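Engineer: First the structure, which I've put down as structure tokens, then a few questions once you've had a look.
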Amino acid sequence: MSNIHINLIDNNDKNIIDQVIELGDKNSSTLGHFPKGAFEDKARKRHIITLTKDGVVIGYLLFNTVLSKRALSITHLCINEKYRSQGLAEKLIDKLINIHGTAFSFIKLNCRDDYKGAVKFWRNYGFTPRHTKPSRGKSDNFITTWVYELNNHDLFSFSEPSGIKVLLDLNIIVDLRDGKNDEYEIQTLTADWLTNDVNYYCSSESFLEAQNDSDVTRRNKTRKYLRGFEEAKIIGTNEFDVLCNELLSILPKTGKNDLSDKKQLASAIQNEVEYFITRDGDLLNVNEEVYEKYGVQIYDPVQFICKIDQLLHSTNYHPSRLAGANYTIQKCESDEVENIVQQFLKRDKSESKNDFKGKVSMLLSQPRISEIKTVKEANGKLIGLFGWNTKDGIMNIDILRTTKSSLSITLFKQLITNLIIISRTTKTNQISLNESHLSFEEQGVLKEFYFNNHDSKWIKITTDGVCDIKQIHSKLNGFKQYSFVKDVMNSVDEISKSSTARLEVERLFYPLKIKNEELLTFIIPIRPLWSSQLFDYVDAQSRIFSVQPEIAWNRENVYYRSATQINSILNPARILWYVSDNQISTRSKQIVGCSYLDFVEVDEAKSLFKTYKNLGIYEWKDIYKMTGEDAFKKIMAIRFSETEIFEKSITLSKAQNILKNKTGKNYTFQSPVKINEELFLEFYKLGFKLN
């Protein structure tokens, strides 16, 4: 069928998008309904691959990207019934792998078990079944998650994400109960493809509202339907009432329905449920205020579906809000012990007060090998605690805790980042987290940071230097008591065949660098203001606007620039950061460090800022100024992670000489420059004074 074309479309392909929507709607009984606005959003993000014959769409694949899990998620795979069983579905998946296979480790999807033909197809392509859950639909069907591993070895095996927490307003629950589907396209919330990604909650207030219904039949129907959701219960009546009163400043109306809205929203805030879905216009209008104060985002159903891939990546993680706040990290004093125990004792896990107090006291009593620090808000309130000792080249973290708040996971991530930096600067090559009272969400964070569970401890190896994958045995020989290290040592031949696998191994043993000739590097210019605020704490310490590096240093971040070289900056890759000329900065005209380039996206400025506002230190006024006050101008967002600041920065003249000798070309770094692996390693070794 040579006249069939396969393409990744964008939002300029209006006619093609309309045909995709028509084909999707025609097959919605099996695919699950998808809103028109969400189709258009996916096209804008270039997340739709189409099959066309003579300009007519005969099939499409719609997907999400979940960066933190390194997963591609298939939402729809649809072929016109006239063209099925001709190998076209396979071509769509082949194209997806061709486009994104080097940037991600897995493809996942959800499929109902009673769709026998689809189940056979996924199995034959090479997908394997991993998890099964009941369908959210009204029938008694089950949904299985199928996974295709792009790295074919057990080291990076897929683990099902815990799912984001979403509280449904009672008006949404009632519409779901009745099968209503108006302009908000509410029934999309029950689609099979969302089953493993979203955990829905209802509030205690919803049960009370249902009880007050004078229609007995309808009341019983609502109560039965509510039991299908996890309940976000009131935590402390007095605290709940205080929170409801606080919400009066944002939602001043005092009618019966308004009071119910406040109570439902307060339940979401108390239970750390990140998202609240409603069709109430008054609530939707105060989304920004509620988010800024409490970290809960309010969406209507269509908005939520359009943002689902972004939300899956940034669950409960708001580094921009944390970095802009006034926090201090300081050594713990002996007279603080009682207060520390009071604030951080895990009563909900039946932790012994004496045992916890003993841990704190032990760290305080050994100042030569141990440290224990607190994190405090400007008003002195304790929000974080971490303590460790170093012995025999191992950093043993005995305490790592945060108080319960909408930013607790964000702070937890920042503290992990900080401890990894300390491990590197103190030349320890192993981190052992011995904290025995970690939440499920905190354990998920540790996995994102490449910690591995071993005998009830979380282990991270932090070896450094540069080596070939074939030479990694010498680097890891001292750690072969750990099963995940053994897996790597036993899989070297297989790993050496895959650029993606080598990159995963490199990140597993960060900051180790493994030679990877297929991995590109881009030297990207950045203004001194942004480098110091985003990652360069060396420069930040010398500037008026300096922020505390231990808190402001984020593991992952975003940098905006003009949308030049759209098709040449690819991910995954490495970045060398070149700080452009500035007479004030002490670090201008130098290459100061490196990062992993995780993702590049080009879009209209306003839309892109909304997508990534949780990351980085940018405010809208910064983006608006950059675009010449054109909110719809296309710009580029470069998402990066795990920045390393060089011990010795590389001057412009030194960098130019190296590039001139190797390439014969002169570079000024006015725009991004692509270099090869050999050059990256030369710069890296210079920056860290490696032989």
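Residues are referred to by chain and number: the chain letter is A, B, ... according to the order shown in the structure tokens, the number counts from 1 in that chain, and ligands are numbered separately from 1 in the order shown.
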Using only C-alpha atoms, which residues sit within 9 Å of Lys373 (chain A) once same-chain residues fewer than 2 positions away are excluded, as a ChimeraX atom specification?
Structural biologist: /A:329-333,371,375,384-387
Engineer: Write out the residues from the selection above, keeping N, CA and C atoms, as a compact mmCIF listing (two decimals), in the first residue's frame.
Structural biologist:
```txt
# COMPACT_ATOMS: atom_id res chain seq x y z
N ILE A 329 18.37 26.83 56.05
CA ILE A 329 18.88 25.53 56.49
C ILE A 329 20.01 25.81 57.47
N GLN A 330 19.92 25.21 58.65
CA GLN A 330 20.96 25.46 59.65
C GLN A 330 21.17 24.24 60.52
N LYS A 331 22.32 24.19 61.16
CA LYS A 331 22.64 23.06 62.02
C LYS A 331 21.68 23.01 63.21
N CYS A 332 21.35 21.80 63.57
CA CYS A 332 20.46 21.59 64.71
C CYS A 332 21.22 21.83 66.01
N GLU A 333 20.57 22.46 66.97
CA GLU A 333 21.16 22.70 68.29
C GLU A 333 20.53 21.75 69.31
N GLU A 371 26.25 15.10 60.91
CA GLU A 371 25.59 16.40 60.86
C GLU A 371 24.09 16.19 60.89
N VAL A 375 15.28 22.60 58.43
CA VAL A 375 14.81 23.57 57.44
C VAL A 375 13.66 24.34 58.10
N GLY A 384 11.47 20.83 57.76
CA GLY A 384 12.31 19.75 57.25
C GLY A 384 13.42 19.40 58.22
N LEU A 385 13.86 18.13 58.17
CA LEU A 385 14.92 17.65 59.05
C LEU A 385 15.71 16.57 58.30
N PHE A 386 17.03 16.68 58.29
CA PHE A 386 17.84 15.62 57.70
C PHE A 386 19.17 15.52 58.45
N GLY A 387 19.59 14.26 58.65
CA GLY A 387 20.83 14.01 59.38
C GLY A 387 21.56 12.82 58.82
```
Engineer: With only C-alpha atoms as the basis for distance, which of A:Phe440, A:Phe127, A:Trp122, A:Trp193 is at the shortest distance from Ile74 (chain A)?
Structural biologist: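 Selected residue with least distance to Ile74 (chain A): A:Trp193.
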Engineer: Leu243 (chain A): which residues within 10 Å, counting only C-alpha atoms, same-chain residues fewer than 6 positions away excluded, as a CSV table (one decimal) with N, CA, C and O atoms, in the first residue's frame?
Structural biologist:
```
chain,number,residue,atom,x,y,z
A,237,THR,N,-11.4,18.9,63.4
A,237,THR,CA,-12.5,19.8,63.1
A,237,THR,C,-12.1,21.2,63.2
A,237,THR,O,-12.5,22.1,62.4
A,262,LYS,N,-16.6,25.4,49.6
A,262,LYS,CA,-15.4,25.7,50.5
A,262,LYS,C,-15.0,24.4,51.2
A,262,LYS,O,-13.8,24.1,51.4
A,263,LYS,N,-16.0,23.7,51.7
A,263,LYS,CA,-15.7,22.5,52.5
A,263,LYS,C,-15.1,21.4,51.6
A,263,LYS,O,-14.1,20.7,52.0
A,265,LEU,N,-13.3,22.0,48.9
A,265,LEU,CA,-11.9,22.5,48.6
A,265,LEU,C,-11.0,22.3,49.8
A,265,LEU,O,-9.9,21.9,49.6
A,266,ALA,N,-11.5,22.6,51.0
A,266,ALA,CA,-10.8,22.4,52.2
A,266,ALA,C,-10.4,21.0,52.4
A,266,ALA,O,-9.2,20.7,52.9
A,267,SER,N,-11.2,20.0,52.0
A,267,SER,CA,-10.9,18.6,52.1
A,267,SER,C,-9.7,18.3,51.2
A,267,SER,O,-8.8,17.5,51.6
A,269,ILE,N,-7.4,20.3,50.2
A,269,ILE,CA,-6.2,20.9,50.8
A,269,ILE,C,-5.6,20.1,52.0
A,269,ILE,O,-4.4,19.8,52.1
A,270,GLN,N,-6.5,19.7,52.9
A,270,GLN,CA,-6.1,19.0,54.1
A,270,GLN,C,-5.5,17.6,53.7
A,270,GLN,O,-4.6,17.2,54.4
```
Engineer: Which is closer to Glu517 (chain A) than all the others in A:Ile658, A:Leu679, A:Val302, A:Ala637, using only C-alpha atoms?
Structural biologist: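 Between A:Ile658, A:Leu679, A:Val302, A:Ala637, the residue approaching Glu517 (chain A) most closely is A:Leu679.
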Engineer: Report as an MDAnalysis selection string all protein, DNA and RNA residues lying within 9 Å of region 591-602 of chain A, evaluated on only C-alpha atoms, omitting residues in the same chain fewer than 3 positions from it.
Structural biologist: chainID A and resid 45 67 103 521:523 525 536 563 566 569:579 587:588 605 608 634:652 655 683:684 687
Engineer: Those selected residues, please, written with C-alpha atoms and delivered as an mmCIF file, in the first residue's frame.
Structural biologist:
```
data_model
loop_
_atom_site.group_PDB
_atom_site.id
_atom_site.type_symbol
_atom_site.label_atom_id
_atom_site.label_comp_id
_atom_site.auth_asym_id
_atom_site.auth_seq_id
_atom_site.Cartn_x
_atom_site.Cartn_y
_atom_site.Cartn_z
ATOM 1 C CA LYS A 45 2.027 19.162 21.201
ATOM 2 C CA LEU A 67 9.025 12.269 31.420
ATOM 3 C CA ALA A 103 14.305 9.358 24.687
ATOM 4 C CA THR A 521 25.891 17.586 23.261
ATOM 5 C CA PHE A 522 24.736 21.173 22.776
ATOM 6 C CA ILE A 523 26.664 24.165 24.049
ATOM 7 C CA PRO A 525 24.316 30.198 25.746
ATOM 8 C CA ASP A 536 25.059 28.428 39.152
ATOM 9 C CA ALA A 563 12.651 29.260 18.942
ATOM 10 C CA ILE A 566 13.833 24.029 16.224
ATOM 11 C CA ILE A 569 18.165 20.541 19.206
ATOM 12 C CA LEU A 570 17.166 16.970 20.012
ATOM 13 C CA ASN A 571 16.646 15.000 23.180
ATOM 14 C CA PRO A 572 17.972 13.117 25.005
ATOM 15 C CA ALA A 573 21.309 14.901 24.952
ATOM 16 C CA ARG A 574 23.794 16.689 27.153
ATOM 17 C CA ILE A 575 24.132 20.426 27.676
ATOM 18 C CA LEU A 576 27.257 22.470 28.295
ATOM 19 C CA TRP A 577 26.202 25.843 29.698
ATOM 20 C CA TYR A 578 27.994 28.882 28.287
ATOM 21 C CA VAL A 579 27.358 32.074 30.290
ATOM 22 C CA ARG A 587 31.261 34.029 35.477
ATOM 23 C CA SER A 588 30.529 35.620 32.093
ATOM 24 C CA ALA A 605 4.815 31.649 24.863
ATOM 25 C CA LEU A 608 4.413 27.027 27.144
ATOM 26 C CA LYS A 634 6.613 30.792 19.592
ATOM 27 C CA ILE A 635 9.517 30.168 21.964
ATOM 28 C CA MET A 636 11.496 27.130 23.072
ATOM 29 C CA ALA A 637 11.437 25.451 26.505
ATOM 30 C CA ILE A 638 14.510 23.376 27.304
ATOM 31 C CA ARG A 639 13.843 20.997 30.164
ATOM 32 C CA PHE A 640 17.034 19.852 31.876
ATOM 33 C CA SER A 641 18.120 18.005 35.000
ATOM 34 C CA GLU A 642 21.019 17.030 37.266
ATOM 35 C CA THR A 643 23.250 20.015 36.618
ATOM 36 C CA GLU A 644 26.894 19.745 37.635
ATOM 37 C CA ILE A 645 28.842 22.947 38.262
ATOM 38 C CA PHE A 646 32.438 22.625 37.099
ATOM 39 C CA GLU A 647 35.233 22.871 39.650
ATOM 40 C CA LYS A 648 37.100 24.984 37.098
ATOM 41 C CA SER A 649 35.080 26.922 34.528
ATOM 42 C CA ILE A 650 36.341 27.006 30.932
ATOM 43 C CA THR A 651 37.018 30.423 29.412
ATOM 44 C CA LEU A 652 35.681 31.442 26.016
ATOM 45 C CA ALA A 655 36.766 26.650 24.473
ATOM 46 C CA PHE A 683 35.325 19.791 28.270
ATOM 47 C CA TYR A 684 33.994 17.627 31.117
ATOM 48 C CA GLY A 687 35.863 21.203 34.186
#
```
Engineer: If DSSP is run on the backbone, what residues of region 130-276 of chain A are alpha helix (DSSP H)? A reply as a ChimeraX atom specification would be ideal.
Structural biologist: /A:170-178,204-211,216-226,237-246,256-270
Engineer: Could you state the separation of CA of Leu51 (chain A) and CA of Ile79 (chain A) in Å, given to one decimal place?
Structural biologist: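 Computing it gives 8.5 Å between the two atoms.
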